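Peer 1: Quick one: the structure is below, and I'll ask about it shortly.
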Amino acid sequence: MDYSKLLNPEQLKPVYDTKGAVLVLAGAGSGKTRVLTYRIAYLIEHDKVDPYNILAITFTNKAANEMKERVAAVTGTQGIWISTFHSLCAKILRMDIAVTGRYTSNFSIYSDTDSDKIITRIVKELGIEDGGELKKQIKFHISNAKNHALSPAEYAKRINGVPHADTICKAFASYERQLESNNALDFDDLILKTLLLFKDYPEVLEKYRERFRYVHVDEFQDTNRIQFLLVRMLTSKYGNLFVVGDDDQSIYGWRGAEVGNILDFKKHFAGCRIYKLERNYRSTGNILDLANKIIANNSERMGKTLWTESDKGVGVTFRNLYDDRQEADYVIGEMMALMRYNGYKAGDFAILVRQTALTRLFEEKLYLYNLPFRLIGGQKFYERKEIKDVLAYLKAIANPRDRESLVRIINVPNRKIGDATVAKLQIACEENGYTMTEGLMHFEDLGLTGAVKTKVEPFAELMKDLSEHKDMPLFDFVTYADEKVDFCKDYDRSEDEGLSRIENVQQLFSSIKEFSKDNPDAGLEEYLQSVSLVSDTDEEDDGEKVTVATVHGVKGLEFRCVFIVGLEEGIFPSSRSSDTPKELQEERRIMYVAVTRARERLYITNASRRSRYGRYEEMMPSRFLLEGGLVAPGRGYVRPDIQRGAQPSFGKSVDELSRSGQTLQRRPQQVVGASVQTQSAPAVKNADVSRFKVGMTVEHSRFGVGVIESISGENAKIRFEGLGVKTFNMRLAPIKIVF
């Protein structure tokens, strides 16, 4: 095999270096999987290494399967052990854990649900009242301890002084005893028990060190402490370790990944060689220039500069919009324009967010303009638990016969009302001829006593109170309900998950306020009917779809055109990144990953104000815009050509562009570093919006027939029977005139 014809000179060097420790710093789109594949092929073909002695470790089953296929295609052999860390360790334990005398080879692997049940039981055994929050802490600390290879006794010393440390460590010890008694391991145990097996039984370690004489690890920047220790043990005899990674793409610190594993590689493996893959085969020059500028601001990195032999391409476009609604319309408009004029398809686009709460507007707008989409990195907005909980309150008030909604919320937030109490309430209601909601309205007639009455009575009073106020204006009622219920009571602002749920509830309130503004006379029923259409979970066909995703959700993916939205301080970078320089540097790496997902076109947007919890907040542009040269320094990063409170136009009309001989493909684009706002043409769905008049009957492809109530510029408010008023940019909307 002539490797010089298959790889570039930078890729060839690490492939030919087959002895000792080798680190390949592989930039985004530099062909790292290709290097790994041909490195294994070179070992077999040139160095005559038995495939039995080669190990390759990846982070996902998908990556492992893809590598198996590539290696088999190149080498013609399938005898190489290629797997994830957890699959590797599960196989080793199946073969050798019996030597410990504590487990047998047919051990069970417990899921999160199984672990939750055990922890719940332990909390009860310890006599802990209201253990919901503490249960979450116990689960976190058990996983944290295992990922740092610490026993309950060792971990107790580390968290000394932490609230409930004593209880956490007692629960941890009990949890370990119960797993061992059940001949079971949890997911974290797979790596930990393998590490302990190697440590306590040197003969077992020797067997695998002798077998795996050449070890390869992909995405090394994502390894945590325990994975690093495992790799070091396996390679401690022959020292042939080949790792591929990118310190600039280490974005999983929140789940234990330690960027220090790659930054300190030289310290851990003396005499190692380091190679850099900086030639990018994915993105245009302008996109790479932006990525390089932003990541250069990180101090903790090994340093590399991406470059490409392809041309500079279309300039990176930055757009500051008046508010988040206009931001969403702008993104949809640009996509539709590129599809009309430049041959793009829905599947060519990705809308990337830092916070899941930001997907709501884009989901609704994509739905409004009839563009199919898929969501990566989270559930669709109206399918999220916290959103369903709030909507269940509204449904239960609007429809007294809705038992499912009532059962969903009876213990949300936590009121210590369990299934047994609900069952007794249900029986009492049936015996008195009431639905459950009616029973709560006539609680004193149910004859309940003791603990059941004590637990349920406050909830009954709450539901009665809310029912009496349901005729208030919609947003006023929802605000009142939140004051009474405290929808976010159970969510911890100090944790990422809790903060994300709170932000999602805030977004829901913003959407309700928007609906109320367009439909001042609408009540609960009309709002819920409108939401039911938007939250319809019927899947589209498997054709082309726009990707809406968190940045973490698209790592490893690429798209022809990427929109990175919400570039504002407190959002991207996140508000929590200001706590330490380390967290800010990870935020910058997340931005770097987002930028390098784009192949041909990159749009970056922010809003001067954003609706949060039903009110608008003024937003400060992200520091990443300044670092990338997209805004001028000074003025608090505010661009001189954008005035807060003024609504910038969408640019020239299509008619103007047509008269001037311009097309979308040739329109001027902002290049990286420029401070002039891009002049972009809106999409043409209905080129002549002047033909739409107030009072016209029109038809939307999904919402059916409606009547135009008002028109302001390109925007029109259309009332649909049973759904209320919806606002469209008529140039983009799938609307046709009926009469």
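Numbering starts fresh at 1 for the residues of each chain in the structure tokens, the chains themselves are lettered A, B, ... in the order given, and ligands are numbered from 1 as they appear.
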For the structure I just gave you, how does DSSP split stretch 69-212 of chain A - specifically, which residues are alpha helix (DSSP H)? Reply as an MDAnalysis selection string.

Peer 2: chainID A and resid 69:75 85:96 112:125 132:147 152:158 165:181 187:200 202:211

Peer 1: Which neighbours of A:Ser516 fall inside 12 Å, counting only C-alpha atoms, when residues of the same chain fewer than 6 positions from it are skipped, and could you give them as a ChimeraX atom specification?

Peer 2: /A:472-478,509-510,522-524,526-527,530,614,724-726

Peer 1: Provide the atom CA of A:Thr284 to atom CA of A:Thr308 distance in Å, to one decimal place.

Peer 2: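 The value is 7.0 Å.
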
Peer 1: Point out the residue among A:Thr167, A:Ser611, A:Thr356, A:Asn606 with the least atom-to-atom distance to A:Glu327, counting only C-alpha atoms.

Peer 2: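 Selected residue with least distance to A:Glu327: A:Asn606.
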
Peer 1: Report the distance between atom CA of A:Asp218 and atom CA of A:Thr33 in Å, rounded to one decimal place.

Peer 2: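 Result for atom CA of A:Asp218 versus atom CA of A:Thr33: 8.2 Å, one decimal.
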
Peer 1: Which residue out of A:Gln507, A:Pro14, A:Phe515, A:Leu557 has the minimum interatomic distance to A:Lys276 when only C-alpha atoms are used?

Peer 2: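 Among A:Gln507, A:Pro14, A:Phe515, A:Leu557, it is A:Pro14 that comes nearest to A:Lys276.
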
Peer 1: Which residues are close to A:Lys455, i.e. within 8 Å by only C-alpha atoms, leaving aside same-chain residues fewer than 2 positions away? Reply as a ChimeraX atom specification.

Peer 2: /A:415-417,451-453,457-459

Peer 1: Could you write those residues out with N, CA, C and O atoms, as a PDB file, in the first residue's frame?

Peer 2:
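Saved file selection_36.pdb follows:
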```pdb
ATOM      1  N   ARG A 415     -44.657  17.397  47.185  1.00  0.00           N
ATOM      2  CA  ARG A 415     -45.537  17.578  48.338  1.00  0.00           C
ATOM      3  C   ARG A 415     -45.601  16.315  49.187  1.00  0.00           C
ATOM      4  O   ARG A 415     -46.485  16.180  50.043  1.00  0.00           O
ATOM      5  N   LYS A 416     -44.734  15.361  48.910  1.00  0.00           N
ATOM      6  CA  LYS A 416     -44.702  14.065  49.618  1.00  0.00           C
ATOM      7  C   LYS A 416     -45.992  13.287  49.414  1.00  0.00           C
ATOM      8  O   LYS A 416     -46.435  12.530  50.277  1.00  0.00           O
ATOM      9  N   ILE A 417     -46.606  13.487  48.236  1.00  0.00           N
ATOM     10  CA  ILE A 417     -47.826  12.741  47.900  1.00  0.00           C
ATOM     11  C   ILE A 417     -47.424  11.597  46.976  1.00  0.00           C
ATOM     12  O   ILE A 417     -47.103  11.813  45.805  1.00  0.00           O
ATOM     13  N   ALA A 451     -53.086  10.930  57.486  1.00  0.00           N
ATOM     14  CA  ALA A 451     -51.987  11.426  56.658  1.00  0.00           C
ATOM     15  C   ALA A 451     -52.454  11.806  55.259  1.00  0.00           C
ATOM     16  O   ALA A 451     -51.945  12.764  54.665  1.00  0.00           O
ATOM     17  N   VAL A 452     -53.433  11.063  54.722  1.00  0.00           N
ATOM     18  CA  VAL A 452     -53.919  11.356  53.367  1.00  0.00           C
ATOM     19  C   VAL A 452     -54.532  12.751  53.332  1.00  0.00           C
ATOM     20  O   VAL A 452     -54.239  13.564  52.449  1.00  0.00           O
ATOM     21  N   LYS A 453     -55.356  13.050  54.320  1.00  0.00           N
ATOM     22  CA  LYS A 453     -55.984  14.368  54.367  1.00  0.00           C
ATOM     23  C   LYS A 453     -54.932  15.463  54.558  1.00  0.00           C
ATOM     24  O   LYS A 453     -54.960  16.505  53.879  1.00  0.00           O
ATOM     25  N   GLU A 457     -54.824  18.020  51.394  1.00  0.00           N
ATOM     26  CA  GLU A 457     -55.655  19.208  51.616  1.00  0.00           C
ATOM     27  C   GLU A 457     -55.024  20.499  51.085  1.00  0.00           C
ATOM     28  O   GLU A 457     -55.715  21.296  50.425  1.00  0.00           O
ATOM     29  N   PRO A 458     -53.712  20.763  51.304  1.00  0.00           N
ATOM     30  CA  PRO A 458     -53.133  21.995  50.745  1.00  0.00           C
ATOM     31  C   PRO A 458     -53.201  22.049  49.219  1.00  0.00           C
ATOM     32  O   PRO A 458     -53.421  23.122  48.643  1.00  0.00           O
ATOM     33  N   PHE A 459     -53.038  20.885  48.572  1.00  0.00           N
ATOM     34  CA  PHE A 459     -53.133  20.840  47.119  1.00  0.00           C
ATOM     35  C   PHE A 459     -54.566  21.121  46.671  1.00  0.00           C
ATOM     36  O   PHE A 459     -54.795  21.825  45.676  1.00  0.00           O
TER      37      PHE A 459
END
```
